[in-house]
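Undergrad: As input, take query04.csv (CSV, C-alpha atoms):
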```csv
chain,number,residue,atom,x,y,z
L,194,MET,CA,9.1,1.4,16.4
L,195,PRO,CA,11.3,2.3,13.4
L,196,ALA,CA,10.8,-0.9,11.5
L,197,VAL,CA,7.0,-0.4,11.4
L,198,ILE,CA,7.3,3.2,10.2
L,199,LEU,CA,9.8,2.2,7.6
L,200,ALA,CA,7.5,-0.6,6.5
L,201,TRP,CA,4.7,1.9,6.0
L,202,LEU,CA,6.8,4.3,4.1
L,203,LEU,CA,7.9,1.6,1.6
L,204,PRO,CA,6.8,-2.0,1.7
L,205,GLY,CA,9.7,-4.2,2.7
L,206,LEU,CA,11.9,-1.4,4.0
L,207,GLY,CA,11.2,-2.4,7.6
L,208,HIS,CA,12.4,-5.9,6.8
L,209,LEU,CA,15.5,-4.6,5.1
L,210,TYR,CA,16.1,-2.6,8.3
L,211,LEU,CA,15.7,-5.7,10.4
L,212,ARG,CA,18.0,-7.7,8.1
L,213,PRO,CA,15.8,-10.4,6.5
L,214,THR,CA,17.1,-8.9,3.3
L,215,THR,CA,15.7,-11.4,0.8
L,216,LYS,CA,12.3,-11.2,2.3
L,217,GLY,CA,12.4,-7.4,2.3
L,218,LEU,CA,13.4,-7.3,-1.4
L,219,VAL,CA,10.7,-9.8,-2.4
L,220,LEU,CA,8.0,-7.8,-0.5
L,221,LEU,CA,9.3,-4.5,-1.9
L,222,ILE,CA,9.3,-5.7,-5.5
L,223,THR,CA,6.0,-7.6,-5.4
L,224,ILE,CA,3.9,-5.1,-3.6
L,225,LEU,CA,5.3,-2.1,-5.4
L,226,THR,CA,4.7,-3.9,-8.7
L,227,LEU,CA,1.1,-4.6,-7.7
L,228,PHE,CA,0.6,-0.9,-6.8
L,229,SER,CA,2.2,0.3,-10.0
L,230,LEU,CA,0.0,-1.9,-12.1
L,231,GLY,CA,-3.0,-0.5,-10.3
L,232,VAL,CA,-1.9,3.0,-11.0
L,233,ALA,CA,-1.2,2.1,-14.7
L,234,TRP,CA,-4.7,0.7,-14.9
L,235,ASP,CA,-6.3,4.0,-14.1
L,236,ALA,CA,-7.0,3.5,-10.3
L,237,ARG,CA,-8.6,6.4,-8.6
L,238,LEU,CA,-6.3,7.6,-5.8
L,239,ALA,CA,-8.4,10.6,-4.6
L,240,PRO,CA,-8.9,10.2,-0.9
L,241,TYR,CA,-12.5,9.8,0.4
L,242,LEU,CA,-12.4,10.7,4.1
L,243,ARG,CA,-16.1,11.2,4.9
L,244,LEU,CA,-18.0,8.5,6.8
L,245,ASP,CA,-21.3,8.8,4.7
L,246,ASP,CA,-20.0,6.0,2.4
L,247,LEU,CA,-18.1,3.6,4.6
L,248,LEU,CA,-16.9,1.4,1.8
L,249,ALA,CA,-15.3,4.3,-0.1
L,250,PHE,CA,-13.7,5.5,3.1
L,251,LEU,CA,-12.2,2.1,3.8
L,252,ARG,CA,-11.0,1.7,0.2
L,253,SER,CA,-9.2,5.1,0.6
L,254,ILE,CA,-7.6,4.0,3.8
L,255,ALA,CA,-6.4,0.8,2.2
L,256,GLN,CA,-4.8,2.8,-0.7
L,257,MET,CA,-3.1,5.2,1.8
L,258,ALA,CA,-1.6,2.2,3.6
L,259,MET,CA,0.8,1.9,0.7
L,260,GLY,CA,2.7,4.8,2.2
L,261,LEU,CA,5.1,7.0,0.1
L,262,PRO,CA,4.2,5.3,-3.3
L,263,TYR,CA,0.6,6.4,-2.8
L,264,PHE,CA,1.5,10.0,-2.0
L,265,ILE,CA,4.1,10.2,-4.8
L,266,ALA,CA,1.6,8.9,-7.3
L,267,ARG,CA,-0.9,11.4,-6.2
L,268,SER,CA,1.6,14.3,-6.4
L,269,LEU,CA,2.5,13.2,-9.9
L,270,GLY,CA,-1.1,13.6,-11.0
L,271,PHE,CA,-2.2,9.9,-11.0
L,272,ASP,CA,-5.0,10.5,-8.6
L,273,ALA,CA,-8.0,11.1,-10.9
L,274,GLY,CA,-8.3,7.7,-12.6
L,275,LEU,CA,-10.3,7.2,-15.7
L,276,VAL,CA,-13.7,5.7,-14.7
L,277,THR,CA,-14.6,4.8,-18.3
L,278,ALA,CA,-11.4,2.8,-18.8
L,279,PRO,CA,-12.0,-1.0,-19.0
L,280,SER,CA,-9.2,-1.6,-16.4
L,281,HIS,CA,-10.4,1.0,-13.9
L,282,GLU,CA,-11.9,-1.4,-11.4
L,283,TYR,CA,-8.9,-3.7,-11.7
L,284,GLY,CA,-6.6,-0.7,-11.0
L,285,ASN,CA,-8.6,0.2,-7.9
L,286,THR,CA,-8.5,-3.4,-6.7
L,287,PHE,CA,-4.7,-3.7,-7.2
L,288,THR,CA,-4.0,-0.4,-5.4
L,289,GLU,CA,-6.3,-1.4,-2.5
L,290,VAL,CA,-4.9,-4.9,-2.1
L,291,SER,CA,-1.3,-3.6,-2.2
L,292,GLY,CA,-2.1,-1.3,0.7
L,293,LEU,CA,-3.8,-4.1,2.6
L,294,LEU,CA,-0.8,-6.3,2.0
L,295,ASN,CA,1.4,-3.5,3.3
L,296,ILE,CA,-0.5,-3.5,6.5
L,297,LEU,CA,0.3,-7.2,6.9
L,298,VAL,CA,4.0,-6.4,6.1
L,299,MET,CA,4.0,-3.8,8.8
L,300,LEU,CA,2.5,-6.3,11.3
L,301,ASP,CA,5.1,-8.8,10.3
L,302,ALA,CA,7.9,-6.3,10.7
L,303,TYR,CA,6.6,-5.5,14.2
L,304,ASP,CA,6.5,-9.2,15.1
L,305,ILE,CA,10.1,-9.6,14.0
L,306,ALA,CA,11.2,-6.5,15.8
L,307,VAL,CA,9.8,-7.6,19.1
L,308,GLY,CA,11.1,-11.1,18.8
L,309,ARG,CA,7.8,-12.9,18.3
L,310,LYS,CA,9.1,-14.5,15.1
L,311,SER,CA,12.3,-14.9,13.2
L,312,GLY,CA,13.0,-12.9,10.1
L,313,SER,CA,13.3,-15.8,7.7
```
Once you've parsed the file, please lay out its structure as structure tokens.
TA:
Amino acid sequence: MPAVILAWLLPGLGHLYLRPTTKGLVLLITILTLFSLGVAWDARLAPYLRLDDLLAFLRSIAQMAMGLPYFIARSLGFDAGLVTAPSHEYGNTFTEVSGLLNILVMLDAYDIAVGRKSGS
């Protein structure tokens, strides 16, 4: 489903594709701002893909759910985070929540695409 893939790539893009433009722009701006604040506040974006620490694994998956912004931030060198920074945990929380919100946005785009709900 193209709308869901677009929604994963960039929050709100699936909605823009489906034509609830205002909703798509609001989602794009708010979730991208939330993620950007998290990165600015020294979030650690390094993936943890082992199952020995399930919470760290789930946190990494939540961050990766942001799609392209996550991978762009990592490629620009924002992956390390500064653990001693006072805002580090806030940054982690903001990036994780933005990814979880994007999962909800993807589900919403799917529901609109299959006709379960209207786009407004």
Undergrad: Between atom CA of Ala233 of chain L and atom CA of Ala258 of chain L, what is the distance in Å, rounded to a tenth?
TA: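 We find that atom CA of Ala233 of chain L and atom CA of Ala258 of chain L lie 18.3 Å from each other.
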Undergrad: Any idea what's packed within 12 Å of Leu206 of chain L, counting only C-alpha atoms, ignoring anything in its chain fewer than 2 positions away? Could you give it as a PDB file with C-alpha atoms, in the coordinates of the input?
TA:
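What landed in selection.pdb:
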```pdb
ATOM      1  CA  PRO L 195      11.300   2.300  13.400  1.00  0.00           C
ATOM      2  CA  ALA L 196      10.800  -0.900  11.500  1.00  0.00           C
ATOM      3  CA  VAL L 197       7.000  -0.400  11.400  1.00  0.00           C
ATOM      4  CA  ILE L 198       7.300   3.200  10.200  1.00  0.00           C
ATOM      5  CA  LEU L 199       9.800   2.200   7.600  1.00  0.00           C
ATOM      6  CA  ALA L 200       7.500  -0.600   6.500  1.00  0.00           C
ATOM      7  CA  TRP L 201       4.700   1.900   6.000  1.00  0.00           C
ATOM      8  CA  LEU L 202       6.800   4.300   4.100  1.00  0.00           C
ATOM      9  CA  LEU L 203       7.900   1.600   1.600  1.00  0.00           C
ATOM     10  CA  PRO L 204       6.800  -2.000   1.700  1.00  0.00           C
ATOM     11  CA  HIS L 208      12.400  -5.900   6.800  1.00  0.00           C
ATOM     12  CA  LEU L 209      15.500  -4.600   5.100  1.00  0.00           C
ATOM     13  CA  TYR L 210      16.100  -2.600   8.300  1.00  0.00           C
ATOM     14  CA  LEU L 211      15.700  -5.700  10.400  1.00  0.00           C
ATOM     15  CA  ARG L 212      18.000  -7.700   8.100  1.00  0.00           C
ATOM     16  CA  PRO L 213      15.800 -10.400   6.500  1.00  0.00           C
ATOM     17  CA  THR L 214      17.100  -8.900   3.300  1.00  0.00           C
ATOM     18  CA  THR L 215      15.700 -11.400   0.800  1.00  0.00           C
ATOM     19  CA  LYS L 216      12.300 -11.200   2.300  1.00  0.00           C
ATOM     20  CA  GLY L 217      12.400  -7.400   2.300  1.00  0.00           C
ATOM     21  CA  LEU L 218      13.400  -7.300  -1.400  1.00  0.00           C
ATOM     22  CA  VAL L 219      10.700  -9.800  -2.400  1.00  0.00           C
ATOM     23  CA  LEU L 220       8.000  -7.800  -0.500  1.00  0.00           C
ATOM     24  CA  LEU L 221       9.300  -4.500  -1.900  1.00  0.00           C
ATOM     25  CA  ILE L 222       9.300  -5.700  -5.500  1.00  0.00           C
ATOM     26  CA  ILE L 224       3.900  -5.100  -3.600  1.00  0.00           C
ATOM     27  CA  LEU L 225       5.300  -2.100  -5.400  1.00  0.00           C
ATOM     28  CA  GLY L 260       2.700   4.800   2.200  1.00  0.00           C
ATOM     29  CA  LEU L 261       5.100   7.000   0.100  1.00  0.00           C
ATOM     30  CA  ASN L 295       1.400  -3.500   3.300  1.00  0.00           C
ATOM     31  CA  VAL L 298       4.000  -6.400   6.100  1.00  0.00           C
ATOM     32  CA  MET L 299       4.000  -3.800   8.800  1.00  0.00           C
ATOM     33  CA  ASP L 301       5.100  -8.800  10.300  1.00  0.00           C
ATOM     34  CA  ALA L 302       7.900  -6.300  10.700  1.00  0.00           C
TER      35      ALA L 302
END
```
Undergrad: Could you give me, as a list in words, the residues within 12 Å of Ala239 of chain L, counting all atoms listed in the file and dropping anything in the same chain fewer than 5 positions from it?
TA: Val232, Ala249, Phe250, Arg252, Ser253, Ile254, Gln256, Met257, Tyr263, Phe264, Ala266, Arg267, Ser268, Gly270, Phe271, Asp272, Ala273, Gly274, Leu275, Asn285 and Thr288 of chain L
Undergrad: Work out how far apart atom CA of Leu230 of chain L and atom CA of Leu242 of chain L are and give it in Å to one decimal.
TA: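 Those two atoms sit 24.0 Å apart.
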Undergrad: Atom CA of Leu238 of chain L and atom CA of Gly205 of chain L are how many Å apart?
TA: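 If I compute the distance from atom CA of Leu238 of chain L to atom CA of Gly205 of chain L, I get 21.6 Å.
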